[in-house]
Amino acid sequence: MNDYETKLTNGLKIRLKEIHTAPLVSHWIWYRVGSRDEVPGKTGVSHWVEHMQFKGTEKFPGNVLDKLISRDGGYWNAFTNLDWTAYYQVMPADKIDIAYQLEADRMINSRFDLQEVEAERTVIISEREGNENEPLFRLTSEVQKAAFNEHAYNHDIIGEMDDLKSMGRDDLYKHYRQYYVPNNALVAIAGDFKIEDVIGRLEQLYGGIPKGSEIMHTDRVEPSQGSEKRITVTGPGGTVYLQVAYRAPKGADRDFFALSVLDSLLSGPSNLNMFGGGGITNRTSRLYRALVEKEYAVGINANLQATIDPFLYSIIAVIHPNHSPEEALQQIDNQIEELQNQLVKESEIARAVKQARAIFAYGSESITNQAFWSGYADMFASYDWFLNYIEKLEAVSPQMLQEIAQRYLIPQNRVVGTYITTEG
Amino acid sequence: MGSTPQWKNMPGSTNINRTELENGIILLTFSNLESNSVVISGYLGCGSMFDPDDKLGLATLTAQSLMRGTTQNDHQEIYNKLESAGATLGFGSSIHSTSFGGRALVEDLPLLIGMISECLRQPAFPEDQIERLRTQMLTSLQIRDQDTEDRASLAFDENVFQGHPYGRPEEGYIETVSRIELADLRNFHERFYGPAGMVIVIVGPVTPQQVTKQVQKVLGDWQNPQQVTDIDLPEIASVKETLRKHLSIPGKSQTDLVMGCLGPARNSVDYLPAALGNNILGQFGMMGRIGDSVREKAGLAYYASTSLNAGLLAGTWEISAGVNPGNLERALELIMKELERFIREPVDAEELSDSRSNFIGRLPMAFESNAGIANGLVRLERFGLDLDYYVNYPDLLQQISSEDLLQAAQKYLHLDQLVIISAGP
């Protein structure tokens with residue numbers, strides 16, 4: 001038995017995967033809460049709560065936690081995303097028990113000390129200010145706002161500056177108590193352990209934590225856009241950027257896989273390896289050849305995120321100094337038009353699938369990638385989404401690609417954003 | 001106290017195969033039969049140290065030009081072969097070396113080795129591609145000019161290593177990259193590229209015999225009698241007194257701070273004590289003592305940490321932080337306080353023990369993947385370390401005392417001879 005999945009009576013889902021290639025264990029806990037669950041005035045609360053989870057409990061005060069993980073060569077971190085928040089520790093296999101203990105403890109016993117909340121407020125404001133130094137953060141932030149009027153995907157995960165200044169300890173603690181419950185969490189562990197040993201230990205640590213009240217996620221549906229939107233962001237620097245963001249299908253939608261293949265043809269293969277393994281270059285992709293080789297842009301990439309609700313498929317170009325964003329946009333439109341009007345060859349799809357396979361082969365060397373994959377797809381679909389990923393890509397036909405291009409990649413479904421410089 | 005990790009993947013003399021081809025190329029192979037892909041990593045002994053001041057960026061532009069077209073394949077053909085196989089390859093340049101790295105599914109190893117050889121030996125430097133590449137480099141330099149962290153870091157190196165190639169950015173400056181001509185690339189390639197000093201590391205489900213045969217086939221006959229391999233570099237000297245500068249970049253929200261001084265070379269006996277000390281000062285856990293003071297307790301920065309960047313001839317010992325402009329002085333004050341303590345008193349036994357076991361415990365994480373092993377092997381060769389360096393590493397660490405850490409700190413961290421650079425609004 002190498003894989004095992006179970007659910008405790010309090011609703012905690014557990015997925016374990018034995019891998020014995022290195023004496024390591026990667027331990028993750030995922031909570032189904034992210035910026036999607038935030039309301040105006042409290043934006044950024046999920047990310048701030050994530051920071052507070054490192055401040056400790058009575059049993060494991062912050063600096064003690066840190067030492068316990070680090071002294072054995074382990075590392076730990078966390079991410080807050082649109083739909084989820086995840087924490088992980090990677091440690092030598094014979095030392096991992098401390099990570100199991102601390103994660104169970106901080107599901108319920110985090111302190112949220114007032115003084116520490118205030119110290120963290122300035123840390124997060126500083127993080128946001130660091131982000132604001134980047135032109136692309138400013139552009140993508142404004143594009144997201146323009147793309148969503150109703151849905152909570154409209155704000156930055158880190159939160160709006162005004163909210164970061166006004167939220168208080170009680171807001172954070174309430175959010176923590178509401179969402180950090182076993183029935184809203186998934187523990188995913190991969191590495192050098194025996195499943196029967198770990199399952200008993202997790203039952204012991206989490207079994208006594210009561211089930212929380214049923215989680216009611218916000219359910220705001222974003223209406224169709226209706227017409228193209230254009231925005232311009234002005235800022236310092238000498239480089240102009242273009243972002244073209246189309247409303248995309250949600251991760252669990254069958255269209256998502258066809259759009260993934262389409263993205264691979266347009267901008268190069270996407271990379272699901274978060275922890276090493278790397279991706280593949282995109283020099284032979286259609287957009288690179290049409291924009292970079294023809295000198296409308298000096299770089300191009302695209303991003304398709306798998307999310308609970310429909311999010312965005314974004315193409316970002318760094319504009320060539322001798323051309324305008326409008327000219328680059330025209331080239332992007334020409335490429336999309338070609339996909340809408342002509343069927344691609346089967347061999348192009350087969351090539352995209354081979355690239356995806358290679359990327360998985362590279363990433364699977366990392367135990368932490370494997371643990372990440374064990375939990376990731378549950379946050380917006382199910383584990384099957386991941387297990388069947390390659391098969392789903394293989395099932396995409398030229399006709400499906402054409403239909404997807406015709407349905408999603410149209411002007412009335414997009415926001416076009418440009419970052420232009422104050423220096424002209 | 002950490003114990004010596006006993007693990008079959010720990011690279012050492014029993015599982016690393018090191019061969020020298022007749023033309024001087026050194027080949028290191030590590031068989032990882034559990035993987036189904038291969039990683040290649042390596043370098044040639046030429047880099048920006050050979051760049052003329054007025055054409056700084058030449059080594060980088062030359063390295064990045066290699067895949068823009070060869071005498072056999074143009075840019076699109078090269079990438080089509082690689083990307084269709086799901087393989088990657090890239091070249092880059094640093095001060096002492098031009099490095100390459102790639103990966104492929106194991107059946108495509110011959111493609112990868114063949115492409116490395118083709119790009120290194122038969123680059124065509126096609127004019128249109130080189131101009132395109134130059135524009136891309138200039139754009140990235142323009143972006144660098146607006147990046148507060150990059151600007152602070154650049155000015156830090158320029159001032160710590162005044163007049164030395166270590167103080168010059170490998171990517172050059174807008175004006176120096178603009179001056180580089182096609183003939184310069186060809187000349188650089190002719191003079192400095194060759195088998196002498198070349199190192200290739202291959203890790204994956206392969207045997208040394210297979211790999212040696214494949215490398216021998218495509219690179220065994222490479223000769224360059226004109227190859228220049230060495231240059232006289234000036235002495236590196238510390239600044240005489242503390243130098244503080246602020247670089248104003250309008251429109252930014254955050255200020256980045258980079259400060260510090262010279263540090264030990266990688267193969268100096270001071271390196272390991274300094275590295276252990278640096279871990280305590282600004283890395284361990286959430287960024288060590290400095291992170292604890294500046295971020296955790298005072299809440300002044302999203303990041304505040306230290307790094308020891310050890311090169312072949314010297315290194316730097318740096319402290320960096322990203323802070324609100326209004327908090328800069330307070331953050332600096334807290335950092336100086338920690339530095340004063342660090343050079344005044346030895347670290348306590350628990351700190352040393354934690355730092356040591358942290359270093360030992362993370363070895364398996366560094367070597368869990370082919371890429372991690374390849375990086376480790378490249379480091380062995382680049383810094384002249386013994387093949388059993390990682391096997392002996394825990395014992396080397398055990399021999400270091402808190403007094404050794406204090407001595408290393410006092411030797412390098414002179415608080416009246418710091419370079420302190422901030423960049424922000």
# chains A, B, ... in the order shown; residues from 1 in each chain; ligands from 1
>>> residues_around(residues="Ser307 of chain B", least_positions_apart="3", cutoff="7 Å", atoms="only C-alpha atoms", output="list in words")
Asn278, Trp317, Glu318 and Ile319 of chain B
>>> select_by_dssp(residues="segment 181-331 of chain A", states="helix (DSSP H, G or I)", output="JSON, numbers by chain")
{"A": [182, 183, 184, 195, 196, 197, 198, 199, 200, 201, 202, 203, 204, 205, 206, 254, 255, 256, 257, 258, 259, 260, 261, 262, 263, 264, 265, 266, 267, 286, 287, 288, 289, 290, 291, 292, 325, 326, 327, 328, 329, 330, 331]}
>>> residues_around(residues="Glu333 of chain B", least_positions_apart="5", cutoff="12 Å", atoms="only C-alpha atoms", output="list in words")
Ile290, Ser293, Val294, Ala298, Leu300, Asn327, Leu328, Glu338, Leu339 and Glu340 of chain B
>>> write_last_selection(atoms="C-alpha atoms", output="compact mmCIF listing (two decimals), in the first residue's frame")
# COMPACT_ATOMS: atom_id res chain seq x y z
CA ILE B 290 18.22 39.94 12.84
CA SER B 293 14.65 41.66 16.08
CA VAL B 294 13.62 43.60 12.98
CA ALA B 298 9.65 45.28 15.94
CA LEU B 300 9.54 46.80 10.77
CA ASN B 327 11.29 52.89 9.33
CA LEU B 328 14.71 52.75 7.69
CA GLU B 338 22.69 42.80 16.58
CA LEU B 339 25.98 43.14 14.71
CA GLU B 340 27.62 44.70 17.78
>>> atom_distance(atom1="atom CA of Leu66 of chain B", atom2="atom CA of Leu233 of chain B")
26.9 Å
>>> closest_residue(among="A:Glu18, A:Glu346, A:Asp219, A:Glu5", to="Pro398 of chain A", atoms="only C-alpha atoms")
A:Glu346
>>> residues_around(residues="segment 24-38 of chain B", least_positions_apart="5", cutoff="9 Å", atoms="only C-alpha atoms", output="number ranges by chain")
A: 21, 358, 361-362, 364-365; B: 9, 11, 15-19, 102-109, 195-208, 211-212, 215, 219-220, 369-371, 373-374, 377-378, 381
>>> residues_around(residues="Thr234 of chain A", least_positions_apart="4", cutoff="12 Å", atoms="only C-alpha atoms", output="ChimeraX atom specification")
/A:135-136,138-139,142,238-241,417-424 /B:251
>>> atom_distance(atom1="atom CA of Asp156 of chain A", atom2="atom CA of Ala245 of chain A")
15.5 Å
>>> residues_around(residues="Ile14 of chain A", least_positions_apart="5", cutoff="12 Å", atoms="only C-alpha atoms", output="PyMOL selection string")
chain A and resi 3-9+27-30+182-190+195+198-203+206+371+374-375+378+383
>>> residues_around(residues="Gly74 of chain A", least_positions_apart="2", cutoff="6 Å", atoms="only C-alpha atoms", output="ChimeraX atom specification")
/A:69-70,72,90-91
>>> select_by_dssp(residues="segment 173-312 of chain B", states="strand (DSSP E or B)", output="PyMOL selection string")
chain B and resi 199-204+243-248+255-263+301-310
>>> closest_residue(among="A:Ala356, A:Ala297, A:Leu205, A:Ile96", to="Pro325 of chain A", atoms="only C-alpha atoms")
A:Ala297
>>> closest_residue(among="B:Pro165, B:Gly326, B:Gly47, B:Gly12", to="chain A", atoms="only C-alpha atoms")
B:Gly326
>>> decode(residues="segment 256-319 of chain B", atoms="C-alpha atoms", output="PDB file, in the first residue's frame")
ATOM      1  CA  ASP B 256      15.416  48.157   0.199  1.00  0.00           C
ATOM      2  CA  LEU B 257      18.530  48.114   2.314  1.00  0.00           C
ATOM      3  CA  VAL B 258      21.708  46.172   1.532  1.00  0.00           C
ATOM      4  CA  MET B 259      24.663  46.566   3.867  1.00  0.00           C
ATOM      5  CA  GLY B 260      27.755  44.648   4.857  1.00  0.00           C
ATOM      6  CA  CYS B 261      31.379  44.056   4.001  1.00  0.00           C
ATOM      7  CA  LEU B 262      33.830  41.586   2.497  1.00  0.00           C
ATOM      8  CA  GLY B 263      33.454  37.946   3.485  1.00  0.00           C
ATOM      9  CA  PRO B 264      35.599  34.822   3.156  1.00  0.00           C
ATOM     10  CA  ALA B 265      36.306  32.999  -0.103  1.00  0.00           C
ATOM     11  CA  ARG B 266      34.522  29.662  -0.456  1.00  0.00           C
ATOM     12  CA  ASN B 267      37.632  27.574   0.103  1.00  0.00           C
ATOM     13  CA  SER B 268      38.934  29.691   2.986  1.00  0.00           C
ATOM     14  CA  VAL B 269      39.219  27.994   6.393  1.00  0.00           C
ATOM     15  CA  ASP B 270      37.039  30.830   7.675  1.00  0.00           C
ATOM     16  CA  TYR B 271      34.155  29.854   5.433  1.00  0.00           C
ATOM     17  CA  LEU B 272      32.434  27.218   7.545  1.00  0.00           C
ATOM     18  CA  PRO B 273      32.688  29.118  10.872  1.00  0.00           C
ATOM     19  CA  ALA B 274      31.413  32.247   9.118  1.00  0.00           C
ATOM     20  CA  ALA B 275      28.596  30.277   7.476  1.00  0.00           C
ATOM     21  CA  LEU B 276      27.500  28.762  10.786  1.00  0.00           C
ATOM     22  CA  GLY B 277      27.670  32.201  12.388  1.00  0.00           C
ATOM     23  CA  ASN B 278      25.784  33.799   9.536  1.00  0.00           C
ATOM     24  CA  ASN B 279      23.050  31.240   9.984  1.00  0.00           C
ATOM     25  CA  ILE B 280      22.633  32.328  13.609  1.00  0.00           C
ATOM     26  CA  LEU B 281      22.879  36.016  12.742  1.00  0.00           C
ATOM     27  CA  GLY B 282      20.350  36.188   9.956  1.00  0.00           C
ATOM     28  CA  GLN B 283      19.032  32.914   8.583  1.00  0.00           C
ATOM     29  CA  PHE B 284      18.141  30.245  11.122  1.00  0.00           C
ATOM     30  CA  GLY B 285      14.388  29.736  11.293  1.00  0.00           C
ATOM     31  CA  MET B 286      12.639  32.956  10.405  1.00  0.00           C
ATOM     32  CA  MET B 287      15.893  34.770   9.545  1.00  0.00           C
ATOM     33  CA  GLY B 288      17.938  34.361  12.728  1.00  0.00           C
ATOM     34  CA  ARG B 289      18.678  37.058  15.281  1.00  0.00           C
ATOM     35  CA  ILE B 290      18.218  39.943  12.842  1.00  0.00           C
ATOM     36  CA  GLY B 291      14.904  38.596  11.536  1.00  0.00           C
ATOM     37  CA  ASP B 292      13.735  38.118  15.103  1.00  0.00           C
ATOM     38  CA  SER B 293      14.652  41.655  16.084  1.00  0.00           C
ATOM     39  CA  VAL B 294      13.615  43.603  12.976  1.00  0.00           C
ATOM     40  CA  ARG B 295      10.669  41.569  11.724  1.00  0.00           C
ATOM     41  CA  GLU B 296       9.279  39.460  14.539  1.00  0.00           C
ATOM     42  CA  LYS B 297       9.660  41.813  17.501  1.00  0.00           C
ATOM     43  CA  ALA B 298       9.646  45.279  15.944  1.00  0.00           C
ATOM     44  CA  GLY B 299       7.447  44.472  12.924  1.00  0.00           C
ATOM     45  CA  LEU B 300       9.537  46.802  10.773  1.00  0.00           C
ATOM     46  CA  ALA B 301      10.120  44.688   7.681  1.00  0.00           C
ATOM     47  CA  TYR B 302       8.686  41.882   5.625  1.00  0.00           C
ATOM     48  CA  TYR B 303      12.187  40.513   5.263  1.00  0.00           C
ATOM     49  CA  ALA B 304      15.404  41.123   7.176  1.00  0.00           C
ATOM     50  CA  SER B 305      18.137  38.561   6.806  1.00  0.00           C
ATOM     51  CA  THR B 306      21.825  38.010   6.168  1.00  0.00           C
ATOM     52  CA  SER B 307      23.774  36.108   3.562  1.00  0.00           C
ATOM     53  CA  LEU B 308      27.306  34.944   3.059  1.00  0.00           C
ATOM     54  CA  ASN B 309      28.133  34.983  -0.640  1.00  0.00           C
ATOM     55  CA  ALA B 310      31.444  33.218  -0.994  1.00  0.00           C
ATOM     56  CA  GLY B 311      33.234  33.323  -4.332  1.00  0.00           C
ATOM     57  CA  LEU B 312      36.496  31.888  -5.577  1.00  0.00           C
ATOM     58  CA  LEU B 313      38.695  34.769  -4.411  1.00  0.00           C
ATOM     59  CA  ALA B 314      36.530  36.539  -1.842  1.00  0.00           C
ATOM     60  CA  GLY B 315      32.953  36.992  -0.852  1.00  0.00           C
ATOM     61  CA  THR B 316      30.546  39.338   0.845  1.00  0.00           C
ATOM     62  CA  TRP B 317      28.765  39.222   4.154  1.00  0.00           C
ATOM     63  CA  GLU B 318      25.480  41.026   3.591  1.00  0.00           C
ATOM     64  CA  ILE B 319      22.485  42.124   5.593  1.00  0.00           C
TER      65      ILE B 319
END
